$ cat run.txt   # compact mmCIF, C-alpha atoms
# COMPACT_ATOMS: atom_id res chain seq x y z
CA MET A 760 -37.44 28.10 55.02
CA SER A 761 -38.14 28.42 51.28
CA VAL A 762 -40.65 25.52 51.11
CA PHE A 763 -43.45 24.95 53.60
CA PRO A 764 -46.97 23.48 53.79
CA LEU A 765 -49.95 25.82 53.73
CA GLN A 766 -53.35 25.74 55.35
CA ALA A 767 -55.76 27.00 52.71
CA CYS A 768 -59.26 28.32 53.37
CA THR A 769 -62.58 26.70 52.48
CA GLN A 770 -65.21 29.09 51.19
CA SER A 771 -68.87 28.10 51.18
CA TYR A 772 -71.19 29.57 48.54
CA ASP A 773 -74.70 28.63 47.48
CA TRP A 774 -73.40 27.44 44.09
CA GLY A 775 -70.94 24.91 45.54
CA LYS A 776 -71.29 21.14 45.46
CA LEU A 777 -72.60 19.60 48.65
CA GLY A 778 -70.56 17.65 51.18
CA THR A 779 -68.43 14.78 49.90
CA THR A 780 -69.60 15.34 46.31
CA SER A 781 -67.27 18.36 46.30
CA LYS A 782 -63.59 18.01 45.43
CA VAL A 783 -63.01 21.02 47.66
CA ALA A 784 -64.43 19.19 50.66
CA GLN A 785 -62.59 16.00 49.72
CA TYR A 786 -59.25 17.81 49.49
CA ALA A 787 -59.86 19.67 52.73
CA LYS A 788 -60.69 16.45 54.58
CA MET A 789 -57.71 14.56 53.14
CA ALA A 790 -55.29 17.37 54.00
CA ASP A 791 -56.71 17.91 57.50
CA PRO A 792 -58.43 14.94 59.19
CA SER A 793 -59.82 17.33 61.83
CA PHE A 794 -61.77 19.22 59.13
CA HIS A 795 -65.50 18.94 59.91
CA LEU A 796 -67.37 18.02 56.75
CA ASP A 797 -71.08 18.91 56.67
CA GLU A 798 -72.89 16.82 54.03
CA ALA A 799 -75.57 19.52 53.64
CA ARG A 800 -73.16 22.40 53.19
CA PRO A 801 -72.02 23.66 49.78
CA TYR A 802 -68.23 23.75 49.39
CA ALA A 803 -67.43 26.01 46.50
CA GLU A 804 -64.17 27.88 46.10
CA ALA A 805 -61.38 25.95 47.45
CA SER A 806 -60.40 24.97 50.82
CA LEU A 807 -58.30 26.28 48.76
CA TRP A 808 -58.25 29.91 48.38
CA MET A 809 -54.50 29.52 48.16
CA GLY A 810 -52.66 32.80 48.39
CA THR A 811 -52.59 36.14 50.16
CA HIS A 812 -56.00 37.60 49.31
CA PRO A 813 -57.24 39.49 52.41
CA ASN A 814 -60.63 37.74 52.26
CA ALA A 815 -59.03 34.35 52.97
CA PRO A 816 -55.23 34.37 53.31
CA SER A 817 -53.44 31.04 53.58
CA ARG A 818 -51.39 30.29 56.69
CA SER A 819 -48.42 28.17 57.61
CA LEU A 820 -49.07 25.10 59.76
CA GLU A 821 -47.93 27.23 62.71
CA GLY A 822 -50.71 29.70 61.93
CA GLN A 823 -48.62 32.55 60.51
CA PRO A 824 -50.44 34.35 57.65
CA LEU A 825 -48.74 33.98 54.27
CA PRO A 826 -48.82 37.77 53.65
CA GLN A 827 -46.78 38.26 56.82
CA ILE A 828 -44.29 35.54 55.86
CA LEU A 829 -43.73 37.12 52.45
CA ALA A 830 -43.46 40.63 53.89
CA GLU A 831 -40.68 39.42 56.19
CA ASN A 832 -38.94 37.28 53.53
CA ARG A 833 -38.96 39.20 50.26
CA ASP A 834 -36.42 36.86 48.70
CA LEU A 835 -39.16 34.22 48.46
CA LEU A 836 -40.79 36.35 45.73
CA GLY A 837 -37.80 36.33 43.38
CA SER A 838 -35.70 38.93 41.63
CA LYS A 839 -38.68 40.89 40.27
CA ARG A 840 -39.33 41.91 43.85
CA HIS A 841 -43.10 41.61 43.76
CA LYS A 842 -44.71 43.46 46.63
CA ASP A 843 -46.95 40.46 47.21
CA LEU A 844 -47.92 37.15 45.65
CA PRO A 845 -49.19 38.26 42.21
CA PHE A 846 -51.75 35.48 41.82
CA LEU A 847 -54.55 33.72 43.70
CA PHE A 848 -54.96 29.94 43.27
CA LYS A 849 -58.30 28.22 43.84
CA VAL A 850 -60.28 25.02 43.41
CA LEU A 851 -63.92 25.39 42.31
CA ALA A 852 -66.60 22.73 42.81
CA ILE A 853 -69.71 23.97 41.00
CA ARG A 854 -73.22 22.59 41.44
CA LYS A 855 -75.15 25.70 40.42
CA ALA A 856 -74.19 28.21 37.73
CA LEU A 857 -72.09 31.22 38.64
CA SER A 858 -73.14 34.66 37.43
CA ILE A 859 -72.89 36.05 33.93
CA GLN A 860 -69.88 38.26 34.49
CA SER A 861 -66.72 39.89 33.21
CA HIS A 862 -63.68 41.49 34.81
CA PRO A 863 -62.34 45.02 34.34
CA ASP A 864 -58.96 45.88 32.89
CA LYS A 865 -56.51 47.74 35.11
CA GLN A 866 -57.65 51.20 34.00
CA LEU A 867 -61.32 50.48 34.68
CA ALA A 868 -60.49 48.68 37.94
CA GLU A 869 -58.63 51.72 39.21
CA ARG A 870 -61.56 53.99 38.36
CA LEU A 871 -64.17 51.68 39.88
CA HIS A 872 -62.11 51.25 43.04
CA LYS A 873 -61.84 55.02 43.38
CA GLU A 874 -65.56 55.60 42.75
CA GLN A 875 -67.00 52.59 44.63
CA PRO A 876 -64.38 51.24 47.05
CA ASN A 877 -67.05 49.41 49.04
CA VAL A 878 -67.94 47.33 45.93
CA TYR A 879 -64.67 47.18 43.98
CA LYS A 880 -62.24 46.70 46.82
CA ASP A 881 -58.95 46.72 44.94
CA PRO A 882 -57.58 48.56 41.87
CA ASN A 883 -56.35 45.46 40.05
CA HIS A 884 -57.51 43.59 36.97
CA LYS A 885 -58.54 39.93 37.21
CA PRO A 886 -57.55 37.80 34.23
CA GLU A 887 -58.17 34.15 35.05
CA MET A 888 -57.53 30.63 33.81
CA ALA A 889 -59.56 27.53 34.68
CA ILE A 890 -58.20 24.00 34.20
CA ALA A 891 -60.77 21.21 34.40
CA ILE A 892 -60.18 18.41 36.90
CA THR A 893 -63.59 16.83 36.14
CA PRO A 894 -65.85 17.51 33.11
CA PHE A 895 -66.42 21.26 33.33
CA THR A 896 -69.04 23.35 31.53
CA ALA A 897 -68.86 27.09 30.91
CA LEU A 898 -70.27 29.90 28.80
CA CYS A 899 -67.48 32.10 27.48
CA GLY A 900 -67.19 34.85 24.91
CA PHE A 901 -69.69 35.90 22.26
CA GLN A 902 -70.57 33.36 19.59
CA PRO A 903 -69.52 33.98 15.97
CA ALA A 904 -71.62 36.65 14.27
CA ASP A 905 -73.40 34.17 11.97
CA ASN A 906 -74.58 32.17 14.99
CA LEU A 907 -75.84 35.35 16.64
CA VAL A 908 -77.75 36.34 13.49
CA GLN A 909 -79.40 32.92 13.35
CA ASN A 910 -80.41 33.06 17.00
CA LEU A 911 -81.76 36.59 16.76
CA LEU A 912 -83.88 35.61 13.75
CA THR A 913 -85.12 32.21 14.97
CA VAL A 914 -85.62 32.52 18.74
CA PRO A 915 -88.98 34.31 18.95
CA GLU A 916 -88.55 35.38 22.56
CA LEU A 917 -85.46 37.39 21.61
CA GLY A 918 -87.60 39.27 19.12
CA VAL A 919 -89.80 40.41 21.99
CA LEU A 920 -86.96 41.29 24.36
CA ILE A 921 -84.84 43.20 21.83
CA PRO A 922 -86.24 46.01 19.64
CA GLN A 923 -86.55 44.86 16.03
CA PRO A 924 -84.61 47.86 14.62
CA LEU A 925 -81.56 46.79 16.67
CA ILE A 926 -81.83 43.23 15.37
CA ASP A 927 -82.13 44.54 11.81
CA GLU A 928 -79.11 46.78 12.35
CA PHE A 929 -76.98 43.86 13.55
CA VAL A 930 -78.05 41.63 10.64
CA ALA A 931 -77.21 44.40 8.18
CA ALA A 932 -73.82 45.01 9.81
CA ARG A 933 -72.99 41.32 9.49
CA GLU A 934 -74.02 41.31 5.82
CA ALA A 935 -71.88 44.40 5.18
CA LEU A 936 -68.85 42.54 6.51
CA THR A 937 -69.25 39.96 3.71
CA SER A 938 -68.24 42.49 1.07
CA ASN A 939 -66.13 44.83 3.19
CA SER A 940 -63.84 43.42 5.89
CA SER A 941 -62.29 46.75 6.86
CA GLU A 942 -61.62 47.59 10.49
CA GLN A 943 -64.32 50.24 10.32
CA THR A 944 -66.91 47.66 9.25
CA LYS A 945 -65.81 45.33 12.06
CA THR A 946 -66.13 48.19 14.53
CA VAL A 947 -69.67 48.92 13.31
CA LEU A 948 -70.58 45.24 13.85
CA LYS A 949 -69.19 45.28 17.39
CA GLU A 950 -71.05 48.49 18.20
CA SER A 951 -74.24 46.96 16.85
CA LEU A 952 -73.74 43.92 19.11
CA ARG A 953 -73.18 46.25 22.06
CA LYS A 954 -76.56 47.89 21.42
CA VAL A 955 -78.29 44.52 21.12
CA PHE A 956 -76.72 43.15 24.29
CA GLU A 957 -77.38 46.32 26.24
CA ALA A 958 -81.04 46.19 25.20
CA LEU A 959 -81.24 42.57 26.38
CA MET A 960 -79.59 43.29 29.71
CA THR A 961 -81.92 46.21 30.48
CA VAL A 962 -85.30 44.65 29.72
CA ASN A 963 -87.82 45.21 32.54
CA PRO A 964 -88.19 42.21 34.91
CA GLU A 965 -91.87 41.61 34.10
CA THR A 966 -91.12 41.13 30.40
CA VAL A 967 -88.15 38.90 31.21
CA ALA A 968 -90.35 36.68 33.40
CA THR A 969 -93.04 36.39 30.72
CA GLN A 970 -90.58 35.53 27.94
CA ALA A 971 -88.54 33.14 30.08
CA ALA A 972 -91.71 31.18 30.83
CA ALA A 973 -92.65 31.23 27.15
CA LEU A 974 -89.19 30.00 26.18
CA LEU A 975 -89.34 27.15 28.69
CA ALA A 976 -92.80 26.10 27.49
CA ARG A 977 -91.73 26.14 23.85
CA LEU A 978 -88.57 24.13 24.49
CA SER A 979 -90.51 21.49 26.43
CA ASN A 980 -91.81 20.34 23.04
CA SER A 981 -88.45 20.60 21.28
CA PRO A 982 -85.84 17.87 20.71
CA GLU A 983 -83.07 17.62 23.29
CA SER A 984 -79.93 19.61 22.63
CA PRO A 985 -77.12 21.05 24.76
CA THR A 986 -78.68 24.51 24.43
CA THR A 987 -82.17 23.33 25.33
CA ASN A 988 -80.88 21.37 28.30
CA LEU A 989 -78.89 24.36 29.55
CA VAL A 990 -81.86 26.73 29.27
CA GLN A 991 -83.96 24.30 31.31
CA THR A 992 -81.20 23.94 33.92
CA LEU A 993 -80.69 27.68 34.26
CA TYR A 994 -84.43 28.29 34.51
CA SER A 995 -84.64 25.79 37.37
CA GLN A 996 -81.79 27.57 39.15
CA PHE A 997 -82.60 31.20 38.31
CA PRO A 998 -86.23 31.45 37.15
CA ASN A 999 -87.09 34.69 35.36
CA ASP A 1000 -83.44 35.81 35.16
CA ILE A 1001 -82.23 37.59 32.03
CA GLY A 1002 -79.05 35.50 32.18
CA ILE A 1003 -81.04 32.54 30.81
CA PHE A 1004 -81.09 34.25 27.42
CA CYS A 1005 -77.31 34.61 27.36
CA VAL A 1006 -77.24 30.98 26.23
CA TYR A 1007 -78.10 32.35 22.78
CA PHE A 1008 -75.22 34.84 22.84
CA LEU A 1009 -72.27 33.09 24.49
CA ASN A 1010 -70.29 30.00 23.47
CA LEU A 1011 -71.06 26.80 25.40
CA LEU A 1012 -67.96 24.74 26.15
CA THR A 1013 -67.49 21.46 27.99
CA LEU A 1014 -63.90 20.86 29.03
CA GLN A 1015 -62.49 17.44 29.78
CA PRO A 1016 -59.93 17.01 32.60
CA GLY A 1017 -56.72 18.77 31.66
CA GLU A 1018 -58.37 21.18 29.21
CA ALA A 1019 -58.23 24.89 30.07
CA ILE A 1020 -59.74 28.25 29.20
CA PHE A 1021 -58.35 31.75 29.71
CA LEU A 1022 -60.54 34.81 30.18
CA GLY A 1023 -59.03 38.25 29.88
CA ALA A 1024 -60.60 41.59 30.69
CA GLY A 1025 -63.94 42.32 29.04
CA GLU A 1026 -64.83 38.72 28.13
CA PRO A 1027 -68.33 37.70 29.27
CA HIS A 1028 -68.53 34.27 30.87
CA ALA A 1029 -70.27 32.04 33.40
CA TYR A 1030 -69.07 28.77 34.89
CA ILE A 1031 -71.97 26.32 34.82
CA SER A 1032 -70.91 23.03 36.42
CA GLY A 1033 -67.96 20.80 37.26
CA GLU A 1034 -64.67 21.20 39.07
CA CYS A 1035 -61.47 22.99 38.17
CA VAL A 1036 -58.34 24.56 39.49
CA GLU A 1037 -58.40 28.29 38.81
CA VAL A 1038 -55.67 30.88 38.93
CA MET A 1039 -56.08 34.63 38.58
CA ALA A 1040 -54.42 37.93 39.30
CA THR A 1041 -54.94 38.81 42.96
CA SER A 1042 -58.23 40.65 42.75
CA ASP A 1043 -61.90 40.16 43.51
CA ASN A 1044 -63.30 42.63 40.96
CA VAL A 1045 -66.37 41.23 39.21
CA LEU A 1046 -68.90 42.96 36.95
CA ARG A 1047 -72.16 40.95 37.14
CA ALA A 1048 -75.19 41.09 34.87
CA GLY A 1049 -77.24 37.90 35.30
CA LEU A 1050 -77.75 34.53 37.02
CA THR A 1051 -77.13 36.10 40.41
CA PRO A 1052 -78.94 37.51 43.42
CA LYS A 1053 -75.97 39.83 43.96
CA PRO A 1054 -75.89 43.48 42.82
CA ARG A 1055 -75.50 43.89 39.06
CA ASP A 1056 -73.44 46.50 37.28
CA VAL A 1057 -74.90 46.31 33.80
CA LYS A 1058 -73.69 49.75 32.76
CA ASN A 1059 -70.02 49.07 33.42
CA LEU A 1060 -70.19 45.50 32.16
CA VAL A 1061 -71.82 46.47 28.86
CA GLY A 1062 -69.44 49.40 28.47
CA SER A 1063 -66.29 47.35 28.99
CA LEU A 1064 -66.84 44.15 26.96
CA THR A 1065 -64.61 43.47 23.96
CA TYR A 1066 -67.53 42.28 21.78
CA SER A 1067 -65.20 39.88 20.05
CA MET A 1068 -67.29 37.31 18.17
CA THR A 1069 -65.56 33.99 17.66
CA SER A 1070 -65.77 30.33 18.54
CA GLY A 1071 -65.19 29.21 22.09
CA GLU A 1072 -61.90 27.63 21.02
CA LYS A 1073 -60.35 31.10 21.04
CA HIS A 1074 -60.38 30.89 24.83
CA LEU A 1075 -58.67 27.50 25.09
CA VAL A 1076 -55.17 27.31 26.56
CA ARG A 1077 -53.34 24.35 25.09
CA PRO A 1078 -50.64 22.92 27.38
CA ILE A 1079 -47.17 22.29 26.03
CA PRO A 1080 -44.28 20.20 27.39
CA TRP A 1081 -42.28 22.26 29.88
CA GLY A 1082 -38.58 22.52 29.22
CA GLY A 1083 -37.74 22.89 32.89
CA GLY A 1084 -38.65 19.33 33.83
CA GLY A 1085 -36.47 16.24 33.94
CA ASP A 1086 -36.17 12.70 35.19
CA GLY A 1087 -35.21 13.66 38.70
CA ASP A 1088 -32.05 11.58 38.79
CA GLY A 1089 -30.13 14.37 40.48
CA GLY A 1090 -27.56 14.59 37.69
CA GLY A 1091 -28.37 18.18 36.87
CA GLU A 1092 -29.41 17.35 33.30
CA TYR A 1093 -32.92 17.91 32.03
CA ASP A 1094 -34.37 15.23 29.77
CA ASP A 1095 -37.08 15.93 27.21
CA GLY A 1096 -39.79 15.87 29.87
CA MET A 1097 -41.26 12.62 28.52
CA ASP A 1098 -41.94 9.37 30.32
CA ALA A 1099 -41.50 5.87 28.88
CA ARG A 1100 -44.84 6.23 27.06
CA GLY A 1101 -43.67 9.37 25.27
CA VAL A 1102 -46.05 11.45 27.40
CA GLY A 1103 -44.89 14.69 28.98
CA LYS A 1104 -44.70 14.42 32.75
CA THR A 1105 -44.85 18.22 33.20
CA LYS A 1106 -47.05 20.39 31.02
CA LEU A 1107 -47.12 24.18 30.95
CA TYR A 1108 -50.27 26.30 30.71
CA ASP A 1109 -49.00 29.74 29.77
CA PRO A 1110 -51.72 32.37 29.20
CA PRO A 1111 -50.89 35.85 27.84
CA VAL A 1112 -50.46 37.57 31.21
CA GLU A 1113 -47.42 38.15 33.41
CA GLU A 1114 -49.02 37.36 36.78
CA PHE A 1115 -49.28 33.58 36.47
CA SER A 1116 -48.71 30.32 34.63
CA VAL A 1117 -49.47 26.75 35.75
CA LEU A 1118 -47.47 23.52 35.62
CA HIS A 1119 -49.28 20.18 35.66
CA VAL A 1120 -47.23 17.20 36.84
CA SER A 1121 -48.63 13.71 36.22
CA LEU A 1122 -46.59 10.73 37.45
CA ARG A 1123 -47.22 7.00 37.52
CA GLN A 1124 -46.18 4.81 40.42
CA ASP A 1125 -42.52 5.30 41.38
CA GLU A 1126 -41.86 7.87 38.64
CA THR A 1127 -39.96 11.04 39.47
CA GLU A 1128 -39.74 14.49 37.92
CA HIS A 1129 -37.18 17.22 38.49
CA HIS A 1130 -38.09 20.92 38.24
CA ARG A 1131 -35.47 23.56 37.71
CA ALA A 1132 -35.42 26.58 39.99
CA ILE A 1133 -38.10 29.14 39.14
CA ASP A 1134 -37.33 32.82 39.72
CA GLY A 1135 -40.61 33.52 41.43
CA PRO A 1136 -43.08 32.12 43.97
CA SER A 1137 -45.18 28.97 43.49
CA ILE A 1138 -48.16 27.38 45.18
CA VAL A 1139 -48.81 23.67 44.67
CA ILE A 1140 -51.86 21.49 45.27
CA ALA A 1141 -51.92 17.70 44.93
CA THR A 1142 -55.11 16.56 43.23
CA ARG A 1143 -54.50 12.81 42.93
CA GLY A 1144 -52.43 10.07 44.54
CA LYS A 1145 -49.56 10.20 46.99
CA GLY A 1146 -45.88 11.00 46.92
CA GLU A 1147 -43.36 13.53 48.09
CA MET A 1148 -41.56 16.67 47.07
CA VAL A 1149 -37.84 16.95 47.83
CA GLY A 1150 -36.18 20.36 47.84
CA SER A 1151 -32.56 21.25 47.10
CA GLY A 1152 -31.98 24.07 49.57
CA ASP A 1153 -30.34 23.79 52.94
CA GLY A 1154 -32.77 22.38 55.46
CA VAL A 1155 -35.63 22.00 52.97
CA GLY A 1156 -35.88 18.22 53.15
CA ALA A 1157 -38.85 16.19 51.90
CA PHE A 1158 -42.58 16.87 52.19
CA SER A 1159 -45.21 14.14 51.99
CA LEU A 1160 -48.02 14.76 49.54
CA LYS A 1161 -51.55 13.39 49.29
CA GLU A 1162 -54.78 14.67 47.79
CA GLY A 1163 -55.41 18.15 49.09
CA SER A 1164 -51.83 18.85 50.21
CA VAL A 1165 -50.82 22.47 49.57
CA LEU A 1166 -47.24 23.77 49.52
CA PHE A 1167 -45.59 27.14 49.04
CA ILE A 1168 -42.29 27.02 47.10
CA GLY A 1169 -40.09 30.09 47.24
CA ALA A 1170 -38.10 31.50 44.34
CA GLY A 1171 -34.88 29.76 43.36
CA GLU A 1172 -35.74 26.32 44.74
CA GLU A 1173 -35.09 23.21 42.63
CA VAL A 1174 -37.45 20.37 43.54
CA VAL A 1175 -38.01 16.71 42.74
CA TRP A 1176 -41.46 15.11 42.68
CA LYS A 1177 -41.80 11.41 43.53
CA ALA A 1178 -44.92 9.28 43.14
CA ARG A 1179 -45.68 6.62 45.73
CA GLY A 1180 -48.52 4.12 45.28
CA SER A 1181 -50.60 2.70 42.46
CA ASP A 1182 -52.52 5.94 41.90
CA GLY A 1183 -49.34 7.81 41.00
CA LEU A 1184 -49.21 11.54 41.75
CA GLU A 1185 -50.80 14.58 40.15
CA VAL A 1186 -50.04 18.15 41.15
CA TYR A 1187 -50.83 21.61 39.82
CA ARG A 1188 -48.23 24.30 40.43
CA ALA A 1189 -49.20 27.94 39.94
CA PHE A 1190 -46.20 30.24 39.59
CA CYS A 1191 -44.94 33.58 38.44
CA GLU A 1192 -41.50 34.15 36.94

$ encode --input "run.txt" --output "structure tokens"
Amino acid sequence: MSVFPLQACTQSYDWGKLGTTSKVAQYAKMADPSFHLDEARPYAEASLWMGTHPNAPSRSLEGQPLPQILAENRDLLGSKRHKDLPFLFKVLAIRKALSIQSHPDKQLAERLHKEQPNVYKDPNHKPEMAIAITPFTALCGFQPADNLVQNLLTVPELGVLIPQPLIDEFVAAREALTSNSSEQTKTVLKESLRKVFEALMTVNPETVATQAAALLARLSNSPESPTTNLVQTLYSQFPNDIGIFCVYFLNLLTLQPGEAIFLGAGEPHAYISGECVEVMATSDNVLRAGLTPKPRDVKNLVGSLTYSMTSGEKHLVRPIPWGGGGDGDGGGEYDDGMDARGVGKTKLYDPPVEEFSVLHVSLRQDETEHHRAIDGPSIVIATRGKGEMVGSGDGVGAFSLKEGSVLFIGAGEEVVWKARGSDGLEVYRAFCE
């Protein structure tokens, strides 16, 4: 069968939201009434590791692992003949900040896997995209150079943590760029930032603890601001951690539901709070440097960052109407993908990688939407409302959907989405074509 429901896996981490406050737990309970929900337990990455990752592979309702199903039915993966599902789909429910981290490119991942296979357990890169389903806060990418200069010159604790000659060098490199915007000058600025950031990340723990306490004390007498509030939050979660100071280096973004960010290799980031659906290349390679009790790999993280300095908007993925949607009337014609309000019923998030894209379907009561066949595998999760998905293939039939329902859709399958009930229907569909 080319379409079938999946049982996804709940993963519990210290940073996850607790009990019924977590969308992950809510989805798991809705999809499986027998799911035991512990109100004191953190439910972080999704009931809903949805895919073939060996740490938590999804299964059919009969209990067959998805990797086995795909190995025995290669046609489900499409004409590109992927050896496996090329992406991993998740839901995150974040109560406590995740680590300051980045992900290696393929070349570095292959080297790290060869050198430290017990730490870096696969040779793949891990580009990722997060789409907010509730207000979602993250640090991502280095701030513009002018912001960094201001912070280095006005945050006294940074002047203690980072040698003054390195700060002076960075300020001078930024000033040089004003009169000379050559690639060489830009490279000098990036190299100067690398030195500054490396110095910050390698400060001895005793000095970090002293300056973190000094920063917190100073800010207690300062006016409220997003930065001040975040420093105080991170200090409460990770006292004396160098990652607290990354607030002055990385862009702070708050996404509203439906807004998305993409993070390629070498982009420093940390998810702070909120809930999202996340899709990534199938890998678990993470370079950590702060806000974590886990092992840190500062050397490889510092050596592999892009040191691109720009606003956080650079990382936004703006959805566009998808041309493969229609009104679902079965006539074989695709309309313009708009409903009666002139709003697209299916939107496409299409980051600059080949492993994945995401479709977001939003229907009001009794609306329908038709999706053309996609030449590649898909995994779907319903995040709001109720409805059904009707397939076109022989024996596919209809599948009921409610919050937390997860489906696998094989390559070449046309489907129709139907909303039932006053809450309409919302689904996210990760796919590769």

$ atom_distance --input "run.txt" --atom1 "CA of His1028 (chain A)" --atom2 "CA of Gly1049 (chain A)"
10.4 Å

$ atom_distance --input "run.txt" --atom1 "CA of Ala958 (chain A)" --atom2 "CA of Leu925 (chain A)"
8.6 Å

$ residues_around --input "run.txt" --residues "region 972-986 of chain A" --least-positions-apart "2" --cutoff "12 Å" --atoms "all atoms listed in the file" --output "PyMOL selection string"
chain A and resi 896-898+910+914-920+965-970+988-995+997-1001+1003-1013

$ atom_distance --input "run.txt" --atom1 "CA of Gln1124 (chain A)" --atom2 "CA of Val1186 (chain A)"
13.9 Å

$ residues_around --input "run.txt" --residues "region 816-818 of chain A" --least-positions-apart "5" --cutoff "12 Å" --atoms "all atoms listed in the file" --output "ChimeraX atom specification"
/A:763-770,805-811,823-829,843-844,847-849,1041,1138,1165-1167

$ closest_residue --input "run.txt" --among "A:Val1057, A:Leu1014, A:Leu1107, A:Val1139" --to "Glu1072 (chain A)" --atoms "only C-alpha atoms"
A:Leu1014

$ residues_around --input "run.txt" --residues "Gly1150 (chain A)" --least-positions-apart "6" --cutoff "10 Å" --atoms "all atoms listed in the file" --output "list of chain:residue names"
A:Ser761, A:Val762, A:His1129, A:His1130, A:Gly1156, A:Ala1157, A:Phe1158, A:Ile1168, A:Glu1172, A:Glu1173, A:Val1174, A:Val1175, A:Trp1176

$ residues_around --input "run.txt" --residues "region 868-873 of chain A" --least-positions-apart "4" --cutoff "12 Å" --atoms "all atoms listed in the file" --output "list in words"
Ser861, His862, Pro863, Asp864, Asn877, Val878, Tyr879, Lys880, Asp881, Pro882, Asn883, His884, Lys885, Pro886, Ala1024, Gly1025, Ser1042, Asp1043, Asn1044, Val1045, Leu1046, Asp1056, Asn1059, Leu1060 and Ser1063 of chain A

$ write_last_selection --input "run.txt" --atoms "C-alpha atoms" --output "CSV table (one decimal), in the frame of the given file"
chain,number,residue,atom,x,y,z
A,861,SER,CA,-66.7,39.9,33.2
A,862,HIS,CA,-63.7,41.5,34.8
A,863,PRO,CA,-62.3,45.0,34.3
A,864,ASP,CA,-59.0,45.9,32.9
A,877,ASN,CA,-67.0,49.4,49.0
A,878,VAL,CA,-67.9,47.3,45.9
A,879,TYR,CA,-64.7,47.2,44.0
A,880,LYS,CA,-62.2,46.7,46.8
A,881,ASP,CA,-59.0,46.7,44.9
A,882,PRO,CA,-57.6,48.6,41.9
A,883,ASN,CA,-56.4,45.5,40.0
A,884,HIS,CA,-57.5,43.6,37.0
A,885,LYS,CA,-58.5,39.9,37.2
A,886,PRO,CA,-57.6,37.8,34.2
A,1024,ALA,CA,-60.6,41.6,30.7
A,1025,GLY,CA,-63.9,42.3,29.0
A,1042,SER,CA,-58.2,40.6,42.8
A,1043,ASP,CA,-61.9,40.2,43.5
A,1044,ASN,CA,-63.3,42.6,41.0
A,1045,VAL,CA,-66.4,41.2,39.2
A,1046,LEU,CA,-68.9,43.0,37.0
A,1056,ASP,CA,-73.4,46.5,37.3
A,1059,ASN,CA,-70.0,49.1,33.4
A,1060,LEU,CA,-70.2,45.5,32.2
A,1063,SER,CA,-66.3,47.4,29.0

$ closest_residue --input "run.txt" --among "A:Glu1037, A:Glu1147, A:Glu1126, A:Asp1153" --to "Ser1181 (chain A)" --atoms "all atoms listed in the file"
A:Glu1126

$ closest_atom_pairs --input "run.txt" --of "region 1029-1083 of chain A" --to "region 1112-1120 of chain A" --cutoff "8 Å" --atoms "all atoms listed in the file" --output "CSV"
residue,atom,partner,partner_atom,distance
A:Val1038,CA,A:Phe1115,CA,7.4
A:Met1039,CA,A:Phe1115,CA,7.2
A:Ala1040,CA,A:Glu1114,CA,6.0
A:Trp1081,CA,A:Leu1118,CA,7.8

$ closest_residue --input "run.txt" --among "A:Ile859, A:Ser1121, A:Thr893, A:Met760" --to "Gln1015 (chain A)" --atoms "all atoms listed in the file"
A:Thr893

$ axis_aligned_box --input "run.txt" --around "region 959-964 of chain A" --padding-each-side "6 Å" --output "AutoDock Vina command-line options"
--center_x -83.9 --center_y 44.2 --center_z 30.6 --size_x 20.6 --size_y 16.0 --size_z 20.5

$ closest_residue --input "run.txt" --among "A:Ser1151, A:Lys1177, A:Ala1048, A:Ile1140" --to "Glu1128 (chain A)" --atoms "only C-alpha atoms"
A:Lys1177
